[in-house]
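Source file: query09.txt. Holds: compact mmCIF, C-alpha atoms and all ligand atoms.
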# COMPACT_ATOMS: atom_id res chain seq x y z
CA MET A 1 25.61 -13.94 -5.22
CA ASN A 2 24.44 -17.39 -4.33
CA ASN A 3 23.01 -19.83 -6.84
CA ILE A 4 19.48 -19.56 -5.56
CA LEU A 5 19.40 -15.85 -6.37
CA LYS A 6 21.11 -16.35 -9.74
CA ASN A 7 18.39 -18.81 -10.63
CA ALA A 8 15.67 -16.50 -9.28
CA GLU A 9 16.94 -13.72 -11.54
CA LEU A 10 16.32 -15.94 -14.55
CA THR A 11 13.07 -17.58 -13.50
CA ASN A 12 11.44 -15.01 -11.20
CA SER A 13 10.61 -17.83 -8.88
CA LEU A 14 11.69 -19.13 -5.50
CA SER A 15 10.38 -22.09 -3.53
CA HIS A 16 8.80 -21.67 -0.13
CA ASN A 17 11.90 -23.14 1.47
CA GLU A 18 14.23 -20.86 -0.43
CA ILE A 19 12.26 -17.77 0.58
CA LYS A 20 12.25 -18.92 4.19
CA ASN A 21 16.00 -19.43 4.16
CA LEU A 22 16.63 -16.02 2.60
CA LEU A 23 14.43 -14.41 5.26
CA ASN A 24 16.11 -16.31 8.09
CA VAL A 25 19.73 -15.44 7.36
CA SER A 26 21.32 -12.05 6.74
CA THR A 27 24.22 -13.40 4.66
CA PHE A 28 22.59 -12.56 1.33
CA ASP A 29 20.71 -9.39 2.27
CA LYS A 30 22.91 -7.10 0.15
CA ASP A 31 22.57 -9.45 -2.83
CA ILE A 32 18.80 -9.55 -2.45
CA PHE A 33 18.53 -5.76 -2.32
CA ASN A 34 20.89 -5.33 -5.29
CA LEU A 35 19.04 -7.89 -7.39
CA ALA A 36 15.67 -6.29 -6.58
CA ASP A 37 17.11 -2.90 -7.58
CA LYS A 38 18.49 -4.33 -10.82
CA LEU A 39 15.19 -6.01 -11.75
CA ARG A 40 13.30 -2.84 -10.87
CA HIS A 41 15.57 -0.90 -13.24
CA GLU A 42 15.18 -3.46 -16.04
CA HIS A 43 11.43 -3.98 -15.78
CA VAL A 44 9.92 -0.67 -14.67
CA GLY A 45 12.77 1.79 -15.22
CA ASP A 46 14.19 4.61 -13.12
CA GLY A 47 11.03 6.72 -12.97
CA ILE A 48 9.17 7.08 -9.70
CA TYR A 49 5.41 7.39 -9.76
CA LEU A 50 3.90 9.82 -7.28
CA ARG A 51 0.42 9.03 -6.02
CA GLY A 52 -1.52 11.75 -4.22
CA LEU A 53 -2.98 10.16 -1.12
CA ILE A 54 -6.22 11.55 0.32
CA GLU A 55 -7.18 10.03 3.66
CA PHE A 56 -10.77 11.20 3.48
CA SER A 57 -12.26 9.59 6.60
CA ASN A 58 -10.96 7.81 9.67
CA ILE A 59 -14.32 6.30 10.58
CA CYS A 60 -14.06 2.51 10.69
CA LYS A 61 -16.36 -0.31 11.73
CA CYS A 62 -13.56 -2.87 11.96
CA ASN A 63 -11.42 -3.70 14.94
CA CYS A 64 -8.07 -4.74 13.51
CA LYS A 65 -5.97 -5.13 16.63
CA TYR A 66 -2.98 -3.23 15.25
CA CYS A 67 -4.74 -0.17 13.86
CA GLY A 68 -5.48 3.13 15.57
CA LEU A 69 -8.60 3.66 13.48
CA ARG A 70 -10.27 0.59 14.97
CA ALA A 71 -13.89 1.19 16.01
CA GLU A 72 -13.22 0.53 19.69
CA ASN A 73 -10.58 3.25 19.92
CA ILE A 74 -12.50 6.00 21.71
CA ASN A 75 -9.44 8.24 22.01
CA LEU A 76 -9.53 9.18 18.37
CA GLU A 77 -11.44 12.15 17.07
CA ARG A 78 -13.34 10.95 14.01
CA TYR A 79 -13.79 12.93 10.79
CA LYS A 80 -15.14 12.61 7.32
CA LEU A 81 -14.50 15.06 4.52
CA SER A 82 -17.54 16.22 2.58
CA VAL A 83 -17.81 15.37 -1.10
CA GLU A 84 -16.87 18.96 -1.90
CA GLU A 85 -13.80 18.83 0.36
CA ILE A 86 -12.61 15.61 -1.26
CA LEU A 87 -12.96 17.15 -4.69
CA LYS A 88 -11.12 20.25 -3.52
CA ALA A 89 -8.22 18.08 -2.36
CA VAL A 90 -8.23 16.25 -5.70
CA LYS A 91 -8.09 19.52 -7.63
CA LEU A 92 -5.19 20.68 -5.51
CA ALA A 93 -3.37 17.43 -6.24
CA LYS A 94 -4.00 17.97 -9.93
CA GLN A 95 -2.46 21.43 -9.65
CA TYR A 96 0.64 19.78 -8.21
CA ASN A 97 0.70 17.57 -11.28
CA PHE A 98 -0.29 14.30 -9.63
CA LYS A 99 -1.62 11.89 -12.24
CA THR A 100 -3.01 9.38 -9.77
CA ILE A 101 -5.12 9.90 -6.69
CA VAL A 102 -5.48 7.31 -3.95
CA LEU A 103 -8.67 7.68 -1.95
CA GLN A 104 -8.22 5.90 1.34
CA SER A 105 -10.49 5.59 4.38
CA GLY A 106 -11.51 3.28 7.16
CA GLU A 107 -14.17 0.74 6.34
CA SER A 108 -17.60 2.20 6.97
CA ARG A 109 -20.97 3.07 5.54
CA SER A 110 -20.63 6.74 6.36
CA TYR A 111 -20.80 7.69 2.69
CA LYS A 112 -23.81 6.63 0.66
CA HIS A 113 -23.10 4.45 -2.37
CA GLU A 114 -24.36 7.26 -4.63
CA GLU A 115 -21.98 9.72 -2.99
CA LEU A 116 -19.01 7.48 -3.66
CA ILE A 117 -20.10 7.02 -7.26
CA LYS A 118 -20.40 10.78 -7.64
CA ILE A 119 -16.89 11.31 -6.21
CA ILE A 120 -15.44 8.69 -8.56
CA LYS A 121 -17.14 10.18 -11.63
CA GLU A 122 -16.05 13.72 -10.75
CA ILE A 123 -12.46 12.66 -10.28
CA LYS A 124 -12.44 10.77 -13.55
CA SER A 125 -13.75 13.85 -15.36
CA LEU A 126 -10.46 15.51 -14.36
CA ASP A 127 -8.48 12.90 -16.30
CA ILE A 128 -6.78 11.46 -13.24
CA ALA A 129 -6.15 7.77 -12.56
CA LEU A 130 -8.04 6.70 -9.46
CA THR A 131 -7.11 4.13 -6.85
CA LEU A 132 -9.61 3.22 -4.15
CA SER A 133 -8.61 1.86 -0.78
CA ILE A 134 -11.85 1.64 1.17
CA GLY A 135 -11.96 -1.96 2.28
CA GLU A 136 -14.15 -4.98 1.72
CA LYS A 137 -17.28 -4.38 -0.36
CA SER A 138 -19.70 -6.55 -2.31
CA PHE A 139 -19.03 -7.64 -5.89
CA GLU A 140 -21.81 -5.28 -7.03
CA GLU A 141 -20.29 -2.31 -5.24
CA TYR A 142 -16.84 -3.00 -6.69
CA SER A 143 -18.50 -3.38 -10.07
CA ASP A 144 -20.30 -0.03 -9.75
CA TYR A 145 -17.08 1.77 -8.72
CA LYS A 146 -15.36 0.29 -11.75
CA LYS A 147 -18.16 1.33 -14.08
CA ALA A 148 -17.98 4.83 -12.60
CA GLY A 149 -14.32 4.92 -13.60
CA ALA A 150 -12.16 3.63 -10.71
CA ASP A 151 -8.99 2.12 -12.15
CA ARG A 152 -7.22 0.48 -9.23
CA TYR A 153 -7.96 -0.95 -5.81
CA LEU A 154 -5.75 -1.52 -2.79
CA LEU A 155 -6.69 -4.21 -0.30
CA ARG A 156 -3.87 -5.69 1.72
CA ILE A 157 -4.27 -9.31 2.71
CA GLU A 158 -2.27 -8.27 5.84
CA THR A 159 -1.26 -11.87 6.60
CA THR A 160 -2.00 -15.24 4.98
CA ASP A 161 -1.68 -17.06 8.30
CA GLU A 162 -5.37 -17.80 8.87
CA LEU A 163 -5.03 -18.25 12.60
CA LEU A 164 -3.11 -15.01 12.98
CA TYR A 165 -5.60 -13.35 10.66
CA LYS A 166 -8.49 -14.43 12.92
CA ASN A 167 -6.58 -13.22 15.93
CA MET A 168 -5.80 -9.81 14.45
CA HIS A 169 -9.25 -9.30 12.89
CA PRO A 170 -11.78 -10.77 15.32
CA ASP A 171 -14.79 -9.65 13.28
CA MET A 172 -13.49 -10.37 9.79
CA SER A 173 -13.14 -13.40 7.53
CA PHE A 174 -9.94 -14.37 5.75
CA LYS A 175 -11.94 -16.18 3.06
CA ASN A 176 -13.97 -13.08 2.32
CA ARG A 177 -10.83 -10.99 2.01
CA VAL A 178 -9.34 -13.38 -0.51
CA GLU A 179 -12.64 -13.44 -2.36
CA CYS A 180 -12.68 -9.62 -2.50
CA LEU A 181 -9.23 -9.64 -4.09
CA TYR A 182 -10.28 -12.16 -6.73
CA ASN A 183 -13.51 -10.23 -7.38
CA LEU A 184 -11.46 -7.10 -7.98
CA LYS A 185 -9.30 -8.99 -10.47
CA LYS A 186 -12.34 -10.38 -12.21
CA LEU A 187 -13.73 -6.87 -12.60
CA GLY A 188 -10.58 -5.69 -14.36
CA TYR A 189 -9.05 -3.52 -11.66
CA GLU A 190 -5.34 -3.12 -11.25
CA VAL A 191 -5.15 -4.89 -7.92
CA GLY A 192 -2.86 -3.97 -5.07
CA THR A 193 -2.34 -6.04 -1.96
CA GLY A 194 0.34 -6.42 0.67
CA SER A 195 1.10 -7.38 4.21
CA LEU A 196 2.26 -6.26 7.60
CA ILE A 197 5.62 -7.47 8.81
CA GLY A 198 6.24 -8.06 12.49
CA LEU A 199 2.77 -8.80 13.81
CA PRO A 200 2.89 -10.63 17.15
CA GLU A 201 3.22 -14.41 16.65
CA GLN A 202 3.89 -13.98 12.92
CA THR A 203 6.35 -16.56 11.63
CA VAL A 204 8.85 -16.45 8.78
CA ASN A 205 7.02 -19.48 7.46
CA SER A 206 3.82 -17.48 7.04
CA ILE A 207 5.69 -14.49 5.59
CA ALA A 208 7.03 -16.82 2.87
CA ASP A 209 3.39 -17.82 2.26
CA ASP A 210 2.45 -14.13 1.98
CA ILE A 211 5.02 -13.58 -0.77
CA LEU A 212 3.85 -16.66 -2.67
CA PHE A 213 0.27 -15.43 -2.28
CA PHE A 214 1.19 -12.17 -4.06
CA LYS A 215 2.62 -14.24 -6.89
CA GLU A 216 -0.36 -16.61 -7.00
CA LEU A 217 -2.80 -13.68 -7.13
CA SER A 218 -0.56 -12.11 -9.76
CA ALA A 219 -0.94 -8.78 -7.96
CA ASP A 220 -0.27 -5.60 -9.93
CA MET A 221 0.92 -3.67 -6.88
CA VAL A 222 2.24 -4.80 -3.51
CA GLY A 223 2.78 -2.65 -0.43
CA ILE A 224 4.77 -3.99 2.48
CA GLY A 225 5.01 -2.23 5.81
CA PRO A 226 6.58 -2.96 9.19
CA PHE A 227 4.10 -3.14 12.05
CA ILE A 228 4.34 -0.07 14.30
CA PRO A 229 2.60 -0.34 17.71
CA ASN A 230 -0.06 2.25 18.43
CA GLU A 231 -0.70 3.35 22.04
CA ASP A 232 -4.46 3.23 21.58
CA THR A 233 -4.67 -0.39 20.47
CA PRO A 234 -4.49 -3.80 22.18
CA LEU A 235 -1.03 -4.22 20.61
CA LYS A 236 0.43 -1.15 22.29
CA ASN A 237 3.04 -3.21 24.15
CA SER A 238 4.01 -5.43 21.23
CA VAL A 239 7.44 -5.34 19.63
CA THR A 240 7.87 -3.08 16.59
CA GLY A 241 8.30 -4.83 13.24
CA ASP A 242 11.81 -5.21 11.87
CA PHE A 243 12.61 -2.70 9.13
CA ASN A 244 15.21 -4.88 7.48
CA LEU A 245 12.86 -7.86 7.35
CA ALA A 246 10.09 -5.74 5.80
CA LEU A 247 12.62 -4.42 3.27
CA LYS A 248 13.67 -7.96 2.44
CA VAL A 249 10.07 -9.10 1.95
CA MET A 250 9.60 -6.16 -0.40
CA ALA A 251 12.79 -6.96 -2.33
CA ILE A 252 11.93 -10.66 -2.69
CA THR A 253 8.47 -9.64 -3.93
CA ARG A 254 10.20 -7.54 -6.61
CA ILE A 255 12.31 -10.54 -7.62
CA LEU A 256 9.23 -12.75 -8.02
CA LEU A 257 7.05 -10.07 -9.63
CA PRO A 258 9.58 -7.83 -11.40
CA ASP A 259 7.13 -5.67 -13.37
CA ILE A 260 4.66 -4.67 -10.62
CA ASN A 261 4.41 -1.33 -8.82
CA ILE A 262 5.87 -1.31 -5.33
CA PRO A 263 5.51 1.68 -3.02
CA ALA A 264 8.15 2.81 -0.57
CA THR A 265 5.63 2.79 2.27
CA THR A 266 4.97 5.49 4.84
CA ALA A 267 5.49 2.91 7.59
CA MET A 268 9.05 2.36 6.33
CA GLU A 269 9.73 6.09 6.32
CA THR A 270 8.19 6.42 9.79
CA LEU A 271 10.30 3.68 11.30
CA VAL A 272 13.70 4.57 9.87
CA GLU A 273 15.12 7.89 8.81
CA ASN A 274 15.44 7.86 5.05
CA GLY A 275 13.44 4.61 4.99
CA ARG A 276 11.71 5.67 1.81
CA ILE A 277 14.95 6.23 -0.08
CA ILE A 278 16.35 2.93 1.19
CA ALA A 279 13.18 1.21 -0.10
CA LEU A 280 13.50 2.95 -3.47
CA LYS A 281 17.03 1.55 -3.74
CA SER A 282 15.83 -1.96 -2.88
CA GLY A 283 13.02 -2.54 -5.36
CA ALA A 284 10.38 0.16 -4.82
CA ASN A 285 9.24 2.52 -7.60
CA VAL A 286 6.27 4.40 -6.12
CA VAL A 287 5.85 7.09 -3.46
CA MET A 288 2.48 8.15 -2.06
CA PRO A 289 2.67 11.63 -0.53
CA ASN A 290 -0.29 12.78 1.52
CA VAL A 291 -2.11 15.59 -0.19
CA SER A 292 -5.09 16.15 2.12
CA GLU A 293 -4.95 19.77 3.12
CA PHE A 294 -7.47 19.64 5.94
CA GLU A 295 -6.54 19.96 9.60
CA CYS A 296 -8.81 17.05 10.58
CA CYS A 297 -6.78 14.65 8.44
CA LYS A 298 -4.05 14.65 11.09
CA ASN A 299 -6.40 12.27 12.89
CA TYR A 300 -5.74 9.55 10.34
CA LYS A 301 -3.60 7.93 13.02
CA ILE A 302 -3.16 4.31 12.00
CA TYR A 303 0.10 4.40 13.96
CA PRO A 304 1.92 7.31 15.53
CA LYS A 305 3.31 9.23 12.63
CA GLN A 306 5.05 12.50 12.22
CA PHE A 307 2.34 14.15 10.21
CA SER A 308 3.75 15.75 7.15
CA ASN A 309 1.21 17.72 5.25
CA VAL A 310 2.91 17.82 1.96
CA ASN A 311 0.73 19.94 -0.19
CA ASN A 312 3.35 22.47 -0.97
CA GLN A 313 5.76 22.85 -3.79
CA GLU A 314 8.76 23.02 -1.51
CA TYR A 315 8.13 19.55 -0.13
CA LEU A 316 7.71 18.11 -3.60
CA ASN A 317 10.87 19.84 -4.84
CA ASN A 318 12.76 18.38 -1.91
CA LEU A 319 11.48 14.94 -2.76
CA LYS A 320 12.54 15.36 -6.39
CA GLU A 321 16.02 16.37 -5.29
CA LYS A 322 16.32 13.30 -3.11
CA PHE A 323 15.26 11.11 -6.05
CA GLU A 324 17.83 12.74 -8.29
CA GLU A 325 20.56 12.10 -5.73
CA ILE A 326 19.96 8.38 -6.23
CA GLY A 327 19.75 8.63 -10.02
CA ARG A 328 15.97 8.58 -10.24
CA PHE A 329 13.31 11.00 -11.44
CA VAL A 330 9.59 11.65 -11.09
CA ASP A 331 7.73 9.95 -13.92
CA VAL A 332 4.76 12.11 -14.90
CA ASP A 333 2.94 9.27 -16.59
CA LYS A 334 -0.22 7.86 -14.99
CA GLY A 335 1.88 4.87 -14.06
CA VAL A 336 -0.28 1.88 -14.91
CA SER A 337 1.35 -1.25 -13.53
CA ARG A 338 3.50 -2.85 -16.25
CA HIS A 339 2.45 -6.17 -14.85
CA PHE A 340 -1.18 -5.29 -15.59
CA LEU A 341 -0.31 -4.21 -19.14
CA ASN A 342 1.87 -7.25 -19.76
CA LYS A 343 -0.87 -9.73 -18.85
N1 LIG B 1 1.54 -0.39 11.76
C1 LIG B 1 1.81 -0.46 10.43
N2 LIG B 1 0.87 -0.52 9.47
C2 LIG B 1 -0.42 -0.51 9.87
N3 LIG B 1 -1.58 -0.58 9.19
C3 LIG B 1 -2.60 -0.53 10.05
N4 LIG B 1 -2.13 -0.42 11.32
C4 LIG B 1 -0.78 -0.42 11.24
C5 LIG B 1 0.27 -0.36 12.19
N5 LIG B 1 0.01 -0.28 13.50
C6 LIG B 1 -1.63 -0.74 7.72
C7 LIG B 1 -2.49 -1.94 7.32
C8 LIG B 1 -3.55 -1.33 6.42
C9 LIG B 1 -2.90 -0.05 5.97
C10 LIG B 1 -3.85 0.98 5.51
O1 LIG B 1 -2.20 0.36 7.12
O2 LIG B 1 -1.70 -2.86 6.60
O3 LIG B 1 -3.88 -2.15 5.32
FE1 LIG B 2 -10.18 -0.11 9.83
FE2 LIG B 2 -8.31 -0.58 7.95
FE3 LIG B 2 -7.62 0.13 10.43
FE4 LIG B 2 -8.64 -2.28 10.01
S1 LIG B 2 -6.69 -1.50 9.18
S2 LIG B 2 -9.21 -0.87 11.68
S3 LIG B 2 -10.13 -1.86 8.39
S4 LIG B 2 -8.75 1.38 8.97
Kindly transcribe the structure held in the file into structure tokens.
Ligand code: 5AD
Ligand code: SF4
Amino acid sequence: MNNILKNAELTNSLSHNEIKNLLNVSTFDKDIFNLADKLRHEHVGDGIYLRGLIEFSNICKCNCKYCGLRAENINLERYKLSVEEILKAVKLAKQYNFKTIVLQSGESRSYKHEELIKIIKEIKSLDIALTLSIGEKSFEEYSDYKKAGADRYLLRIETTDELLYKNMHPDMSFKNRVECLYNLKKLGYEVGTGSLIGLPEQTVNSIADDILFFKELSADMVGIGPFIPNEDTPLKNSVTGDFNLALKVMAITRILLPDINIPATTAMETLVENGRIIALKSGANVVMPNVSEFECCKNYKIYPKQFSNVNNQEYLNNLKEKFEEIGRFVDVDKGVSRHFLNK
């Protein structure tokens, strides 16, 4: 292993230049993945946290150029689950022994504030940890969700390159996104962020900035995914993100923030066969299986994905077997980020 990595193992830090160099060359890839795996083992153990993902609505007012849920995509059939349907999905997840639910949707006002508060309170009454991933909201709204019992919030920064950000999100503001993340921290959430790897015009320079941003924010969770072109978006002809680069960004993030939670993302699994297991061996410690049981949820088409409706025991048993093959196990704890606890 080279000296830079040896030093990083001791200090959990890397300079911008060092990160850039590690991303640019493939010479040290194996060492990076091995070190990330070692630090994962030492800081968060061999348990894998399962999060039950419920994609409860694909309605979105935003127009992120890469995403199939963008408002201008008229080829997508839109849906929203009713409050009762969401709670039904949560109860099913509880039956499958999930200790954390992730409620994810496009960004919209299609649920009233009071409805969201009701959903949060009902879920919390089931003694389940709750992660929200519903986009940019006001400080007051985030505060109300927290008071109602939400524990965690996922909001990817997507990219820290402000020009690229503007380009990819014509109707959004980078400053507001950063502010949202800091508001969430202030309110005491476990905060998750992350980025897309392989966006058109994205540079290694800005990816190094992304990683340092995660460190600066002191994120509790970071999800990294390769960009996958979607036919129904302006980026349909763009080049697919590089799996190995995304994996490396994830591994370097583990080296800099050794005690956070890192999911093996669906995008990784979609792009490469066994991508999830590869990620779990390179720094990841979380898997987020989809537990929505409703037919309409197949329309949560961010990118073309082989829809796997996983709400059956057989699928989960299979997953457990795969974990065991690599010396890992499902941790049935709620899985609060160690980083959050250690602060
Ligand atoms: N490829 C990969 N990931 C995508 N996302 C949105 N569109 C794509 C795509 N085409 C990611 C974004 C968002 C998360 C929910 O999905 O990073 O934050
Ligand atoms: Fe909407 Fe999120 Fe897709 Fe952007 S990435 S269009 S906010 S669902």
Inset, instruction - Just the residues within 8 Å of range 40-43 of chain A, please, counting all atoms listed in the file, with nothing from its chain fewer than 5 positions along; format it as a PyMOL selection string. - result: chain A and resi 254+258-259+283-285
Inset, instruction - Could you report the residues within 7 Å of ligand LIG 2 (chain B), using only C-alpha atoms and all ligand atoms, as a ChimeraX atom specification? - result: /A:58,60-64,67-71,105-107,135,302
Could the residues of chain A that have an atom at most 6 Å from ligand LIG 1 (chain B) be listed as a tab-separated table, each with its closest atom pair and the distance in Å to one decimal, counting all atoms listed in the file and ordered by chain and ascending residue number?
residue	atom	partner	partner_atom	distance
A:Tyr66	CA	B:LIG1	N5	4.6
A:Cys67	CA	B:LIG1	N4	3.7
A:Arg156	CA	B:LIG1	O3	5.0
A:Glu158	CA	B:LIG1	O2	5.5
A:Ser195	CA	B:LIG1	O2	5.8
A:Leu196	CA	B:LIG1	O2	5.3
A:Gly225	CA	B:LIG1	N2	5.8
A:Pro226	CA	B:LIG1	C1	5.5
A:Phe227	CA	B:LIG1	N1	3.8
A:Ile228	CA	B:LIG1	N1	3.8
A:Pro229	CA	B:LIG1	N5	4.9
A:Asn230	CA	B:LIG1	N5	5.5
A:Ala267	CA	B:LIG1	C1	5.7
A:Ile302	CA	B:LIG1	N4	4.9
A:Tyr303	CA	B:LIG1	N5	4.7
Legend entry - For range 123-125 of chain A: contacts at 8 Å, all atoms listed in the file, fewer than 4 positions along chain excluded, given as an MDAnalysis selection string: chainID A and resid 87 90 119 129:130 149:150
Legend entry - Residue nearest Thr193 in chain A - candidates A:Phe213, A:Phe174, A:Tyr142, A:Tyr111, atoms counted: all atoms listed in the file: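 Checking each of A:Phe213, A:Phe174, A:Tyr142, A:Tyr111 against Thr193 in chain A, counting all atoms listed in the file, the winner is A:Phe213.
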Inset, instruction - Could you check which of A:Asn342, A:Ser143, A:Asn34, A:Asn167 is closest to Leu5 in chain A, using all atoms listed in the file? - result: A:Asn34
Inset, instruction - Would you mind listing what lies within 12 Å of range 319-325 of chain A as an MDAnalysis selection string, with all atoms listed in the file counted and same-chain residues fewer than 2 positions away left out? - result: chainID A and resid 46:50 274 276:281 285:289 310 312:317 327:332
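Take CA of Ser292 in chain A and CA of Leu184 in chain A: the distance between them is 26.1 Å.
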Legend entry - d(CA of Tyr300 in chain A, CA of Pro263 in chain A) in Å: 19.2 Å
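Note that CA of Glu269 in chain A and CA of Thr240 in chain A are 13.9 Å apart.
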Inset, instruction - For the point (-3.7, 8.2, -11.2) in the file's frame, write as a PyMOL selection string all residues with an atom no more than 10 Å away, counting all atoms listed in the file. - result: chain A and resi 49-52+94+98-102+123-124+127-131+150-152+333-336
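Minimum atom-to-atom distance to Leu217 in chain A, evaluated using only C-alpha atoms, belongs to A:Cys180 out of A:Met268, A:Asn205, A:Cys180, A:Asn244.
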Neighbouring residues of Ser82 in chain A were defined as those with any atom within 10 Å, considering only C-alpha atoms; residues of the same chain fewer than 2 positions away were excluded. Please report them as a compact mmCIF listing (two decimals) with C-alpha atoms, in the frame of the given file.
# COMPACT_ATOMS: atom_id res chain seq x y z
CA PHE A 56 -10.77 11.20 3.48
CA SER A 57 -12.26 9.59 6.60
CA TYR A 79 -13.79 12.93 10.79
CA LYS A 80 -15.14 12.61 7.32
CA GLU A 84 -16.87 18.96 -1.90
CA GLU A 85 -13.80 18.83 0.36
CA ILE A 86 -12.61 15.61 -1.26
CA LEU A 87 -12.96 17.15 -4.69
CA LYS A 88 -11.12 20.25 -3.52
CA TYR A 111 -20.80 7.69 2.69
CA GLU A 115 -21.98 9.72 -2.99
Inset, instruction - Name the residues in contact with Phe294 in chain A at a cut-off of 10 Å, using all atoms listed in the file, excluding same-chain residues fewer than 3 positions from it; report them as a list in words. - result: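 My reading of the contact set: Ile54, Glu55, Phe56, Leu81, Glu85, Ile86, Ala89, Val291, Cys297, Lys298 and Asn309 of chain A.
Closest approach to Lys112 in chain A among A:Glu136, A:Val83, A:Val222, A:Glu77: A:Val83, based on only C-alpha atoms.
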Could you list as a short mmCIF file (atom, residue, chain, number, x, y, z; two decimals) with C-alpha atoms, in the coordinates of the input every residue that has an atom within 12 Å of (7.4, -23.4, -4.2), using the file's coordinates and counting all atoms listed in the file?
data_model
loop_
_atom_site.label_atom_id
_atom_site.label_comp_id
_atom_site.auth_asym_id
_atom_site.auth_seq_id
_atom_site.Cartn_x
_atom_site.Cartn_y
_atom_site.Cartn_z
CA ALA A 8 15.67 -16.50 -9.28
CA ASN A 12 11.44 -15.01 -11.20
CA SER A 13 10.61 -17.83 -8.88
CA LEU A 14 11.69 -19.13 -5.50
CA SER A 15 10.38 -22.09 -3.53
CA HIS A 16 8.80 -21.67 -0.13
CA ASN A 17 11.90 -23.14 1.47
CA GLU A 18 14.23 -20.86 -0.43
CA ILE A 19 12.26 -17.77 0.58
CA LYS A 20 12.25 -18.92 4.19
CA ALA A 208 7.03 -16.82 2.87
CA ASP A 209 3.39 -17.82 2.26
CA ILE A 211 5.02 -13.58 -0.77
CA LEU A 212 3.85 -16.66 -2.67
CA PHE A 213 0.27 -15.43 -2.28
CA LYS A 215 2.62 -14.24 -6.89
CA GLU A 216 -0.36 -16.61 -7.00
CA LEU A 256 9.23 -12.75 -8.02
#
